[in-house]
Amino acid sequence: MTDQNGTIESHPLTGDDDGATYAPSAEFRAQANVNDPSVYWRAAEDPEAYWADQASKLKWTKPFTEVLDWTNPPFAKWFQDGELNVAANCLDRHVAAGIGDRVAIHFEGEPGDTRTLTYAELTHEVKRAANMLTSLGVSAGDRVAIYMPMIPETIIAMLAVARLGAAHSVVFGGFSAESLRARIDDAAAELVITADGGYRKGRVSALKPTVDDALALNGGEGSVQKVLVVQRCENDVEMQEGRDLWWHEEITAYDGEHTAQGFPAENPLFILYTSGTTGKPKGILHTSGGYLTQVSTTHRDVFDLKPETDVYWCTADIGWVTGHSYVVYGPLANGATQVVYEGTPETPDWGRWWSIIQKYGVTIFYTAPTAIRACMKIGRQVPEQYDLSSIRVLGSVGEPINPEAWRWYREVVGAGTAPIVDTWWQTETGAIMISPLPGLTALKPGSAQVPQPGIAATVVSESGEPVPNGQGGLLVVQRPWPSMVRTIWGDDQRFIDTYWSKFGDVYFAGDGARLDEDGDVWLLGRVDDVMNVSGHRLSTAEIESALVEHTSVAEAAVVGADDATTGQAVVAFVILKSQQTQLTADDAEPALKKHVAAQIGAIARPRQVFVVTELPKTRSGKIMRRLLKDAAEGKEIGDTTTLADTAVMQTISARMREELGNK
Ligand code: WT7
């Protein structure tokens, strides 16, 4: 494990590897999109030629002549003199090619309602929405915030924004009003597209009221002019005269005639906020041509997509980058048929996912290790009641997959034969960077293994020297790649400082990693104060500042403790203000859990909150989070000699053990 002091041992979950490998079957290999291993060295010899070749599979309204401009690192420009329309590449292009009747989306609502959209229908809806947005004043260069459930209109809204050359900023529907507002303000969005609500766990989860709360903050002042509301649940919502409009009422005025204009390859496509090591989320900016090139290439090759016959399903929410790249842009650019499911895997019961796979004949399934572990806990007897024989490729993303979960996934979901692609990437990388190719790679459970063709990623020591096989260090990307983050919105300096200052013109991903004897990459977890909970990135600093904003809290320290289901879990240690009568040590835990969920969003809710009277600090006053993490994991507390007060850790650790023992 890479602890927060940067020592690298092994990953807590993937440590139980038994060394077995799983080569592709001869049948799979023969039919695979990529089955010639020379692709790796050919791409490595001339990465720009490789990417130019991939980019030319898209439709450019003006062809590019320059592949990469890296004269001003770290600000890359890919295909910059080319022009294209991203939405038309995902829609009109397929209709023009005669596949308009192919199903683009099999939508399955959580209550069981369904909707099918062919490429022709989706194109028609996006054109109408683009006309509607135009008359609401949206044009190239603008930003539109999207706060939606997992329904077709979310995809339609994103593509309509992209079609106009504007940029979307999708905010995950689980984020609080404060988090939403911070993102709206940072991007200075003038339009918010939302829904009355969405269905989650059998209930209506309202969204519009959160938008209202967000916009009411700061005395109601802000950039937003209009709010467009999709009707999904018919829950009661307030509509503010002059500001709020119903999508279904507005859209009736617009027809499906809309000619897509080409925009420069470097035109912003979206901003997506992600947690960093400080409290303020980073607005990751992605642009058009390079992004679409790499998401479509990786979607086709890593999942071995056959668009005529495959039924693809990625369970990620569109509010995260996986949803952007592998629900919206990758699959649609490739003309794939996919399932979009609104709800949670346990609604109405844990058979839901498997029944969806059976119903639509899903062939490619992409999900996260945390979900696989949750299903494992429920037991294989549930999926075994369903016919999953259509599955031929499985994917994993978000965190390392432990070999036990890998084997379960392969045996129970993949009939013991489906290749599993463990895909490493980040919001910042935009697309898959390290992953097996299912027709080529002998799979190793727990390892993402190989940088994709055209990607130069490796492991270096603290001083930036590439480590030999068999050793650990820090993961870096040595050359620019097409779907890379272009900057942090409005903060070029933070972009440079965060990713490009540690090793010069080399991208530092923030992950520890190890190369095994064959040179395959094993991810070991974050080396910064960023936690990975259920495959979602959370910042310790952001949760700590939410905690100290509570009137009763004097000080807080947050750590990501290893957790058997969620990978890591948020554990908070707080000191209450002594004069405070508002919270007692007993009601502090539930109250502060609620407080964090309200401040940031339910995903940030701590698993545990411990009230302590002291925090372990060095003599210079730095909180020793590493010790708290050990305590939160019930481990022996190591060397405490650098602490100002050595007794504090004994007390905390004794209390933690008692708690863990009682669980
Ligand atoms: C961080 C990025 C990429 C979409 C989902 C998360 C971790 C991601 C893997 C993997 C080991 C992984 C890394 C990375 N991560 N995929 N296959 N194996 N670790 O996107 O929120 O930007 O988080 O997730 O730590 O840095 P994100």
# chains A, B, ... in the order shown; residues from 1 in each chain; ligands from 1
>>> residues_around(residues="Ser552 (chain A)", least_positions_apart="5", cutoff="8 Å", atoms="only C-alpha atoms", output="list in words")
Leu576, Lys577, Gln580, Gln582 and Leu583 of chain A
>>> residues_around(residues="Gly416 (chain A)", least_positions_apart="3", cutoff="12 Å", atoms="only C-alpha atoms", output="ChimeraX atom specification")
/A:22,24-25,388-389,391-394,406-413,419-420
>>> select_by_dssp(residues="region 54-302 of chain A", states="strand (DSSP E)", output="VMD selection string")
chain A and resid 68 to 69 77 to 78 83 to 84 103 to 108 114 to 118 143 to 147 167 to 170 191 to 195 197 to 200 203 to 206 226 to 230 244 to 246 263 to 264 268 to 274 282 to 287
>>> atom_distance(atom1="CA of Ala405 (chain A)", atom2="CA of Ile364 (chain A)")
17.8 Å
>>> residues_near_ligand(ligand="ligand 1", cutoff="9 Å", atoms="only C-alpha atoms and all ligand atoms", output="number ranges by chain")
A: 274-275, 316, 320-323, 368-369, 396-401, 421-432, 434-435, 446-448, 509-513, 522-527, 530-532, 535-538
>>> residues_around(residues="Gln240 (chain A)", least_positions_apart="3", cutoff="10 Å", atoms="only C-alpha atoms", output="mmCIF file with all heavy atoms, in the first residue's frame")
data_model
loop_
_atom_site.group_PDB
_atom_site.id
_atom_site.type_symbol
_atom_site.label_atom_id
_atom_site.label_comp_id
_atom_site.auth_asym_id
_atom_site.auth_seq_id
_atom_site.Cartn_x
_atom_site.Cartn_y
_atom_site.Cartn_z
ATOM 1 N N ASP A 212 -32.928 24.935 -6.944
ATOM 2 C CA ASP A 212 -33.491 26.160 -6.345
ATOM 3 C C ASP A 212 -32.637 26.617 -5.166
ATOM 4 O O ASP A 212 -32.313 27.799 -5.041
ATOM 5 C CB ASP A 212 -34.932 25.914 -5.865
ATOM 6 C CG ASP A 212 -35.883 25.649 -7.024
ATOM 7 O OD1 ASP A 212 -35.555 26.050 -8.164
ATOM 8 O OD2 ASP A 212 -36.944 25.034 -6.800
ATOM 9 N N LYS A 226 -31.528 31.045 -16.839
ATOM 10 C CA LYS A 226 -32.664 30.161 -17.103
ATOM 11 C C LYS A 226 -32.409 28.763 -16.548
ATOM 12 O O LYS A 226 -31.264 28.306 -16.494
ATOM 13 C CB LYS A 226 -32.869 30.010 -18.621
ATOM 14 C CG LYS A 226 -33.278 31.287 -19.332
ATOM 15 C CD LYS A 226 -34.796 31.454 -19.322
ATOM 16 C CE LYS A 226 -35.225 32.671 -20.120
ATOM 17 N NZ LYS A 226 -35.805 33.729 -19.285
ATOM 18 N N VAL A 227 -33.511 28.110 -16.157
ATOM 19 C CA VAL A 227 -33.438 26.716 -15.711
ATOM 20 C C VAL A 227 -34.450 25.920 -16.531
ATOM 21 O O VAL A 227 -35.637 26.261 -16.565
ATOM 22 C CB VAL A 227 -33.762 26.589 -14.206
ATOM 23 C CG1 VAL A 227 -33.715 25.130 -13.766
ATOM 24 C CG2 VAL A 227 -32.794 27.424 -13.376
ATOM 25 N N VAL A 237 -42.788 20.475 -7.938
ATOM 26 C CA VAL A 237 -41.651 21.393 -7.885
ATOM 27 C C VAL A 237 -42.158 22.811 -8.106
ATOM 28 O O VAL A 237 -43.195 23.016 -8.727
ATOM 29 C CB VAL A 237 -40.562 21.057 -8.943
ATOM 30 C CG1 VAL A 237 -39.959 19.700 -8.683
ATOM 31 C CG2 VAL A 237 -41.111 21.139 -10.356
ATOM 32 N N ARG A 243 -37.756 32.465 -14.987
ATOM 33 C CA ARG A 243 -36.470 31.773 -14.925
ATOM 34 C C ARG A 243 -36.603 30.306 -15.326
ATOM 35 O O ARG A 243 -35.787 29.786 -16.083
ATOM 36 C CB ARG A 243 -35.899 31.858 -13.508
ATOM 37 C CG ARG A 243 -34.483 31.296 -13.376
ATOM 38 C CD ARG A 243 -34.058 31.068 -11.927
ATOM 39 N NE ARG A 243 -34.765 29.930 -11.339
ATOM 40 C CZ ARG A 243 -34.628 29.543 -10.063
ATOM 41 N NH1 ARG A 243 -33.849 30.222 -9.235
ATOM 42 N NH2 ARG A 243 -35.294 28.493 -9.615
ATOM 43 N N ASP A 244 -37.642 29.647 -14.829
ATOM 44 C CA ASP A 244 -37.757 28.194 -15.007
ATOM 45 C C ASP A 244 -38.709 27.826 -16.142
ATOM 46 O O ASP A 244 -39.806 28.376 -16.240
ATOM 47 C CB ASP A 244 -38.258 27.551 -13.707
ATOM 48 C CG ASP A 244 -37.344 27.847 -12.518
ATOM 49 O OD1 ASP A 244 -36.212 28.319 -12.742
ATOM 50 O OD2 ASP A 244 -37.769 27.598 -11.379
ATOM 51 N N LEU A 245 -38.290 26.872 -16.945
ATOM 52 C CA LEU A 245 -39.103 26.438 -18.080
ATOM 53 C C LEU A 245 -39.172 24.919 -18.102
ATOM 54 O O LEU A 245 -38.178 24.253 -17.798
ATOM 55 C CB LEU A 245 -38.442 26.889 -19.391
ATOM 56 C CG LEU A 245 -38.163 28.390 -19.568
ATOM 57 C CD1 LEU A 245 -37.148 28.603 -20.683
ATOM 58 C CD2 LEU A 245 -39.463 29.127 -19.867
#
>>> atom_distance(atom1="CA of Ala177 (chain A)", atom2="CA of Thr210 (chain A)")
5.2 Å
>>> atom_distance(atom1="CA of Asp46 (chain A)", atom2="CA of Gly439 (chain A)")
22.6 Å
>>> residues_around(residues="Ala195 (chain A)", least_positions_apart="5", cutoff="7 Å", atoms="only C-alpha atoms", output="list in words")
Met148, Leu207, Lys208, Val229, Val230, Gln231 and Arg232 of chain A
>>> write_last_selection(atoms="N, CA and C atoms", output="PDB file, in the first residue's frame")
ATOM      1  N   MET A 148     -28.825  16.111 -13.555  1.00  0.00           N
ATOM      2  CA  MET A 148     -29.892  15.245 -14.063  1.00  0.00           C
ATOM      3  C   MET A 148     -29.794  13.817 -13.527  1.00  0.00           C
ATOM      4  N   LEU A 207     -34.577  16.647  -7.662  1.00  0.00           N
ATOM      5  CA  LEU A 207     -33.385  17.378  -8.099  1.00  0.00           C
ATOM      6  C   LEU A 207     -33.643  18.886  -8.187  1.00  0.00           C
ATOM      7  N   LYS A 208     -34.804  19.252  -8.741  1.00  0.00           N
ATOM      8  CA  LYS A 208     -35.101  20.678  -8.938  1.00  0.00           C
ATOM      9  C   LYS A 208     -35.011  21.483  -7.634  1.00  0.00           C
ATOM     10  N   VAL A 229     -36.321  22.401 -17.117  1.00  0.00           N
ATOM     11  CA  VAL A 229     -36.650  21.285 -16.232  1.00  0.00           C
ATOM     12  C   VAL A 229     -37.324  20.147 -17.005  1.00  0.00           C
ATOM     13  N   VAL A 230     -36.695  18.990 -17.010  1.00  0.00           N
ATOM     14  CA  VAL A 230     -37.286  17.810 -17.636  1.00  0.00           C
ATOM     15  C   VAL A 230     -38.258  17.184 -16.646  1.00  0.00           C
ATOM     16  N   GLN A 231     -39.416  16.793 -17.141  1.00  0.00           N
ATOM     17  CA  GLN A 231     -40.367  16.142 -16.242  1.00  0.00           C
ATOM     18  C   GLN A 231     -40.137  14.636 -16.279  1.00  0.00           C
ATOM     19  N   ARG A 232     -39.740  14.092 -15.149  1.00  0.00           N
ATOM     20  CA  ARG A 232     -39.471  12.665 -15.080  1.00  0.00           C
ATOM     21  C   ARG A 232     -40.401  11.992 -14.082  1.00  0.00           C
TER      22      ARG A 232
END
>>> residues_around(residues="Trp41 (chain A)", least_positions_apart="2", cutoff="12 Å", atoms="only C-alpha atoms", output="list in words")
Asp36, Pro37, Ser38, Val39, Ala43, Ala44, Glu45, Asp46, Pro47, Tyr50, Pro451, Gln452, Pro453, Gly454, Ile455 and Ala456 of chain A
>>> residues_around(residues="Leu180 (chain A)", least_positions_apart="2", cutoff="12 Å", atoms="only C-alpha atoms", output="PyMOL selection string")
chain A and resi 145-148+169-178+182-189+192+194+207-217+272-273+281+319+598-601
>>> residues_around(residues="Phe503 (chain A)", least_positions_apart="6", cutoff="10 Å", atoms="only C-alpha atoms", output="list in words")
Val460, Glu462, Ser463, Gly464, Glu465, Val476 and Gln478 of chain A
>>> select_by_dssp(residues="region 247-400 of chain A", states="helix (DSSP H, G or I)", output="mmCIF file with N, CA and C atoms, in the first residue's frame")
data_model
loop_
_atom_site.group_PDB
_atom_site.id
_atom_site.type_symbol
_atom_site.label_atom_id
_atom_site.label_comp_id
_atom_site.auth_asym_id
_atom_site.auth_seq_id
_atom_site.Cartn_x
_atom_site.Cartn_y
_atom_site.Cartn_z
ATOM 1 N N TRP A 247 -39.041 21.589 -20.022
ATOM 2 C CA TRP A 247 -38.483 21.063 -21.286
ATOM 3 C C TRP A 247 -39.612 20.607 -22.217
ATOM 4 N N HIS A 248 -40.546 19.792 -21.679
ATOM 5 C CA HIS A 248 -41.573 19.197 -22.554
ATOM 6 C C HIS A 248 -42.516 20.251 -23.122
ATOM 7 N N GLU A 249 -42.647 21.384 -22.459
ATOM 8 C CA GLU A 249 -43.491 22.453 -23.015
ATOM 9 C C GLU A 249 -42.716 23.240 -24.065
ATOM 10 N N GLU A 250 -41.488 23.570 -23.762
ATOM 11 C CA GLU A 250 -40.665 24.357 -24.688
ATOM 12 C C GLU A 250 -40.388 23.616 -25.987
ATOM 13 N N ILE A 251 -40.084 22.326 -25.854
ATOM 14 C CA ILE A 251 -39.568 21.582 -27.011
ATOM 15 C C ILE A 251 -40.598 21.484 -28.144
ATOM 16 N N THR A 252 -41.891 21.556 -27.783
ATOM 17 C CA THR A 252 -42.933 21.407 -28.816
ATOM 18 C C THR A 252 -42.795 22.464 -29.913
ATOM 19 N N ALA A 253 -42.163 23.584 -29.610
ATOM 20 C CA ALA A 253 -42.045 24.656 -30.603
ATOM 21 C C ALA A 253 -40.946 24.399 -31.639
ATOM 22 N N GLY A 289 -11.669 17.300 -30.596
ATOM 23 C CA GLY A 289 -11.165 16.331 -31.568
ATOM 24 C C GLY A 289 -10.331 15.227 -30.955
ATOM 25 N N GLY A 290 -9.386 15.590 -30.097
ATOM 26 C CA GLY A 290 -8.527 14.591 -29.474
ATOM 27 C C GLY A 290 -9.321 13.709 -28.522
ATOM 28 N N TYR A 291 -10.193 14.330 -27.767
ATOM 29 C CA TYR A 291 -11.025 13.580 -26.819
ATOM 30 C C TYR A 291 -11.847 12.526 -27.561
ATOM 31 N N LEU A 292 -12.544 12.962 -28.606
ATOM 32 C CA LEU A 292 -13.416 12.019 -29.305
ATOM 33 C C LEU A 292 -12.600 10.907 -29.972
ATOM 34 N N THR A 293 -11.418 11.260 -30.434
ATOM 35 C CA THR A 293 -10.545 10.260 -31.051
ATOM 36 C C THR A 293 -10.193 9.154 -30.050
ATOM 37 N N GLN A 294 -9.744 9.550 -28.886
ATOM 38 C CA GLN A 294 -9.278 8.526 -27.944
ATOM 39 C C GLN A 294 -10.420 7.763 -27.272
ATOM 40 N N VAL A 295 -11.545 8.436 -26.980
ATOM 41 C CA VAL A 295 -12.647 7.658 -26.372
ATOM 42 C C VAL A 295 -13.209 6.659 -27.375
ATOM 43 N N SER A 296 -13.293 7.045 -28.653
ATOM 44 C CA SER A 296 -13.857 6.097 -29.615
ATOM 45 C C SER A 296 -12.882 4.952 -29.888
ATOM 46 N N THR A 297 -11.600 5.262 -29.990
ATOM 47 C CA THR A 297 -10.595 4.212 -30.234
ATOM 48 C C THR A 297 -10.577 3.198 -29.093
ATOM 49 N N THR A 298 -10.506 3.711 -27.859
ATOM 50 C CA THR A 298 -10.416 2.788 -26.723
ATOM 51 C C THR A 298 -11.725 2.036 -26.540
ATOM 52 N N HIS A 299 -12.848 2.694 -26.776
ATOM 53 C CA HIS A 299 -14.123 1.987 -26.622
ATOM 54 C C HIS A 299 -14.214 0.826 -27.614
ATOM 55 N N ARG A 300 -13.731 1.047 -28.800
ATOM 56 C CA ARG A 300 -13.775 -0.001 -29.829
ATOM 57 C C ARG A 300 -12.771 -1.132 -29.536
ATOM 58 N N ASP A 301 -11.551 -0.757 -29.184
ATOM 59 C CA ASP A 301 -10.500 -1.773 -29.090
ATOM 60 C C ASP A 301 -10.438 -2.460 -27.724
ATOM 61 N N VAL A 302 -10.616 -1.706 -26.649
ATOM 62 C CA VAL A 302 -10.512 -2.312 -25.321
ATOM 63 C C VAL A 302 -11.707 -3.241 -25.064
ATOM 64 N N VAL A 321 -16.839 10.847 -15.051
ATOM 65 C CA VAL A 321 -16.167 10.813 -16.352
ATOM 66 C C VAL A 321 -16.444 9.502 -17.090
ATOM 67 N N THR A 322 -16.605 8.413 -16.368
ATOM 68 C CA THR A 322 -16.887 7.144 -17.039
ATOM 69 C C THR A 322 -18.184 7.250 -17.846
ATOM 70 N N GLY A 323 -19.161 7.956 -17.276
ATOM 71 C CA GLY A 323 -20.408 8.174 -18.002
ATOM 72 C C GLY A 323 -20.214 9.062 -19.228
ATOM 73 N N HIS A 324 -19.388 10.071 -19.114
ATOM 74 C CA HIS A 324 -19.126 10.947 -20.261
ATOM 75 C C HIS A 324 -18.467 10.157 -21.395
ATOM 76 N N SER A 325 -17.394 9.427 -21.047
ATOM 77 C CA SER A 325 -16.573 8.818 -22.089
ATOM 78 C C SER A 325 -17.106 7.469 -22.567
ATOM 79 N N TYR A 326 -17.720 6.706 -21.644
ATOM 80 C CA TYR A 326 -18.119 5.345 -22.020
ATOM 81 C C TYR A 326 -19.610 5.071 -21.888
ATOM 82 N N VAL A 327 -20.424 6.133 -21.692
ATOM 83 C CA VAL A 327 -21.863 6.009 -21.928
ATOM 84 C C VAL A 327 -22.225 6.934 -23.090
ATOM 85 N N VAL A 328 -21.699 8.159 -23.055
ATOM 86 C CA VAL A 328 -22.100 9.121 -24.085
ATOM 87 C C VAL A 328 -21.157 9.070 -25.300
ATOM 88 N N TYR A 329 -19.964 9.613 -25.185
ATOM 89 C CA TYR A 329 -19.186 9.887 -26.397
ATOM 90 C C TYR A 329 -18.562 8.667 -27.078
ATOM 91 N N GLY A 330 -17.955 7.760 -26.315
ATOM 92 C CA GLY A 330 -17.317 6.601 -26.949
ATOM 93 C C GLY A 330 -18.331 5.728 -27.680
ATOM 94 N N PRO A 331 -19.327 5.200 -26.973
ATOM 95 C CA PRO A 331 -20.299 4.310 -27.605
ATOM 96 C C PRO A 331 -21.061 4.968 -28.754
ATOM 97 N N LEU A 332 -21.466 6.219 -28.581
ATOM 98 C CA LEU A 332 -22.255 6.848 -29.642
ATOM 99 C C LEU A 332 -21.377 7.182 -30.846
ATOM 100 N N ALA A 333 -20.149 7.589 -30.618
ATOM 101 C CA ALA A 333 -19.249 7.826 -31.760
ATOM 102 C C ALA A 333 -19.057 6.535 -32.545
ATOM 103 N N ARG A 352 -31.652 -7.221 -10.219
ATOM 104 C CA ARG A 352 -31.980 -6.250 -11.259
ATOM 105 C C ARG A 352 -30.966 -6.189 -12.414
ATOM 106 N N TRP A 353 -29.695 -6.063 -12.080
ATOM 107 C CA TRP A 353 -28.690 -5.961 -13.155
ATOM 108 C C TRP A 353 -28.717 -7.202 -14.045
ATOM 109 N N TRP A 354 -28.792 -8.365 -13.379
ATOM 110 C CA TRP A 354 -28.711 -9.616 -14.136
ATOM 111 C C TRP A 354 -29.950 -9.774 -15.014
ATOM 112 N N SER A 355 -31.104 -9.300 -14.509
ATOM 113 C CA SER A 355 -32.315 -9.394 -15.319
ATOM 114 C C SER A 355 -32.202 -8.461 -16.532
ATOM 115 N N ILE A 356 -31.524 -7.334 -16.359
ATOM 116 C CA ILE A 356 -31.343 -6.415 -17.499
ATOM 117 C C ILE A 356 -30.402 -7.041 -18.538
ATOM 118 N N ILE A 357 -29.342 -7.681 -18.062
ATOM 119 C CA ILE A 357 -28.418 -8.350 -18.996
ATOM 120 C C ILE A 357 -29.165 -9.417 -19.798
ATOM 121 N N GLN A 358 -29.982 -10.195 -19.088
ATOM 122 C CA GLN A 358 -30.751 -11.257 -19.738
ATOM 123 C C GLN A 358 -31.750 -10.674 -20.735
ATOM 124 N N LYS A 359 -32.456 -9.627 -20.301
ATOM 125 C CA LYS A 359 -33.516 -9.043 -21.128
ATOM 126 C C LYS A 359 -32.992 -8.465 -22.440
ATOM 127 N N TYR A 360 -31.888 -7.749 -22.382
ATOM 128 C CA TYR A 360 -31.382 -7.089 -23.593
ATOM 129 C C TYR A 360 -30.267 -7.877 -24.272
ATOM 130 N N PRO A 369 -15.310 -2.325 -9.349
ATOM 131 C CA PRO A 369 -15.037 -3.381 -8.361
ATOM 132 C C PRO A 369 -15.935 -3.304 -7.119
ATOM 133 N N THR A 370 -16.238 -2.086 -6.676
ATOM 134 C CA THR A 370 -17.062 -1.959 -5.471
ATOM 135 C C THR A 370 -18.429 -2.610 -5.687
ATOM 136 N N ALA A 371 -18.986 -2.464 -6.895
ATOM 137 C CA ALA A 371 -20.281 -3.070 -7.206
ATOM 138 C C ALA A 371 -20.146 -4.589 -7.270
ATOM 139 N N ILE A 372 -19.046 -5.058 -7.840
ATOM 140 C CA ILE A 372 -18.832 -6.502 -7.929
ATOM 141 C C ILE A 372 -18.732 -7.093 -6.514
ATOM 142 N N ARG A 373 -17.999 -6.411 -5.644
ATOM 143 C CA ARG A 373 -17.869 -6.913 -4.264
ATOM 144 C C ARG A 373 -19.210 -6.900 -3.533
ATOM 145 N N ALA A 374 -20.032 -5.883 -3.808
ATOM 146 C CA ALA A 374 -21.349 -5.840 -3.173
ATOM 147 C C ALA A 374 -22.186 -7.035 -3.653
ATOM 148 N N CYS A 375 -22.114 -7.341 -4.940
ATOM 149 C CA CYS A 375 -22.873 -8.485 -5.480
ATOM 150 C C CYS A 375 -22.344 -9.805 -4.928
ATOM 151 N N MET A 376 -21.014 -9.871 -4.759
ATOM 152 C CA MET A 376 -20.392 -11.078 -4.194
ATOM 153 C C MET A 376 -20.921 -11.363 -2.804
ATOM 154 N N LYS A 377 -21.076 -10.297 -2.035
ATOM 155 C CA LYS A 377 -21.553 -10.416 -0.659
ATOM 156 C C LYS A 377 -22.964 -10.997 -0.630
ATOM 157 N N ILE A 378 -23.793 -10.574 -1.586
ATOM 158 C CA ILE A 378 -25.165 -11.087 -1.662
ATOM 159 C C ILE A 378 -25.131 -12.556 -2.065
ATOM 160 N N PRO A 383 -27.191 -14.018 -9.300
ATOM 161 C CA PRO A 383 -26.954 -14.010 -10.751
ATOM 162 C C PRO A 383 -27.186 -15.371 -11.407
ATOM 163 N N GLU A 384 -26.972 -16.437 -10.657
ATOM 164 C CA GLU A 384 -27.145 -17.774 -11.250
ATOM 165 C C GLU A 384 -28.586 -18.074 -11.670
ATOM 166 N N GLN A 385 -29.525 -17.250 -11.195
ATOM 167 C CA GLN A 385 -30.920 -17.457 -11.625
ATOM 168 C C GLN A 385 -31.195 -16.864 -13.000
#
>>> closest_residue(among="A:His595, A:Lys622, A:Arg203, A:Lys127", to="Thr259 (chain A)", atoms="only C-alpha atoms")
A:Lys127
>>> closest_residue(among="A:Gly343, A:Gly100, A:Ala260, A:Glu153", to="Ser205 (chain A)", atoms="only C-alpha atoms")
A:Gly343
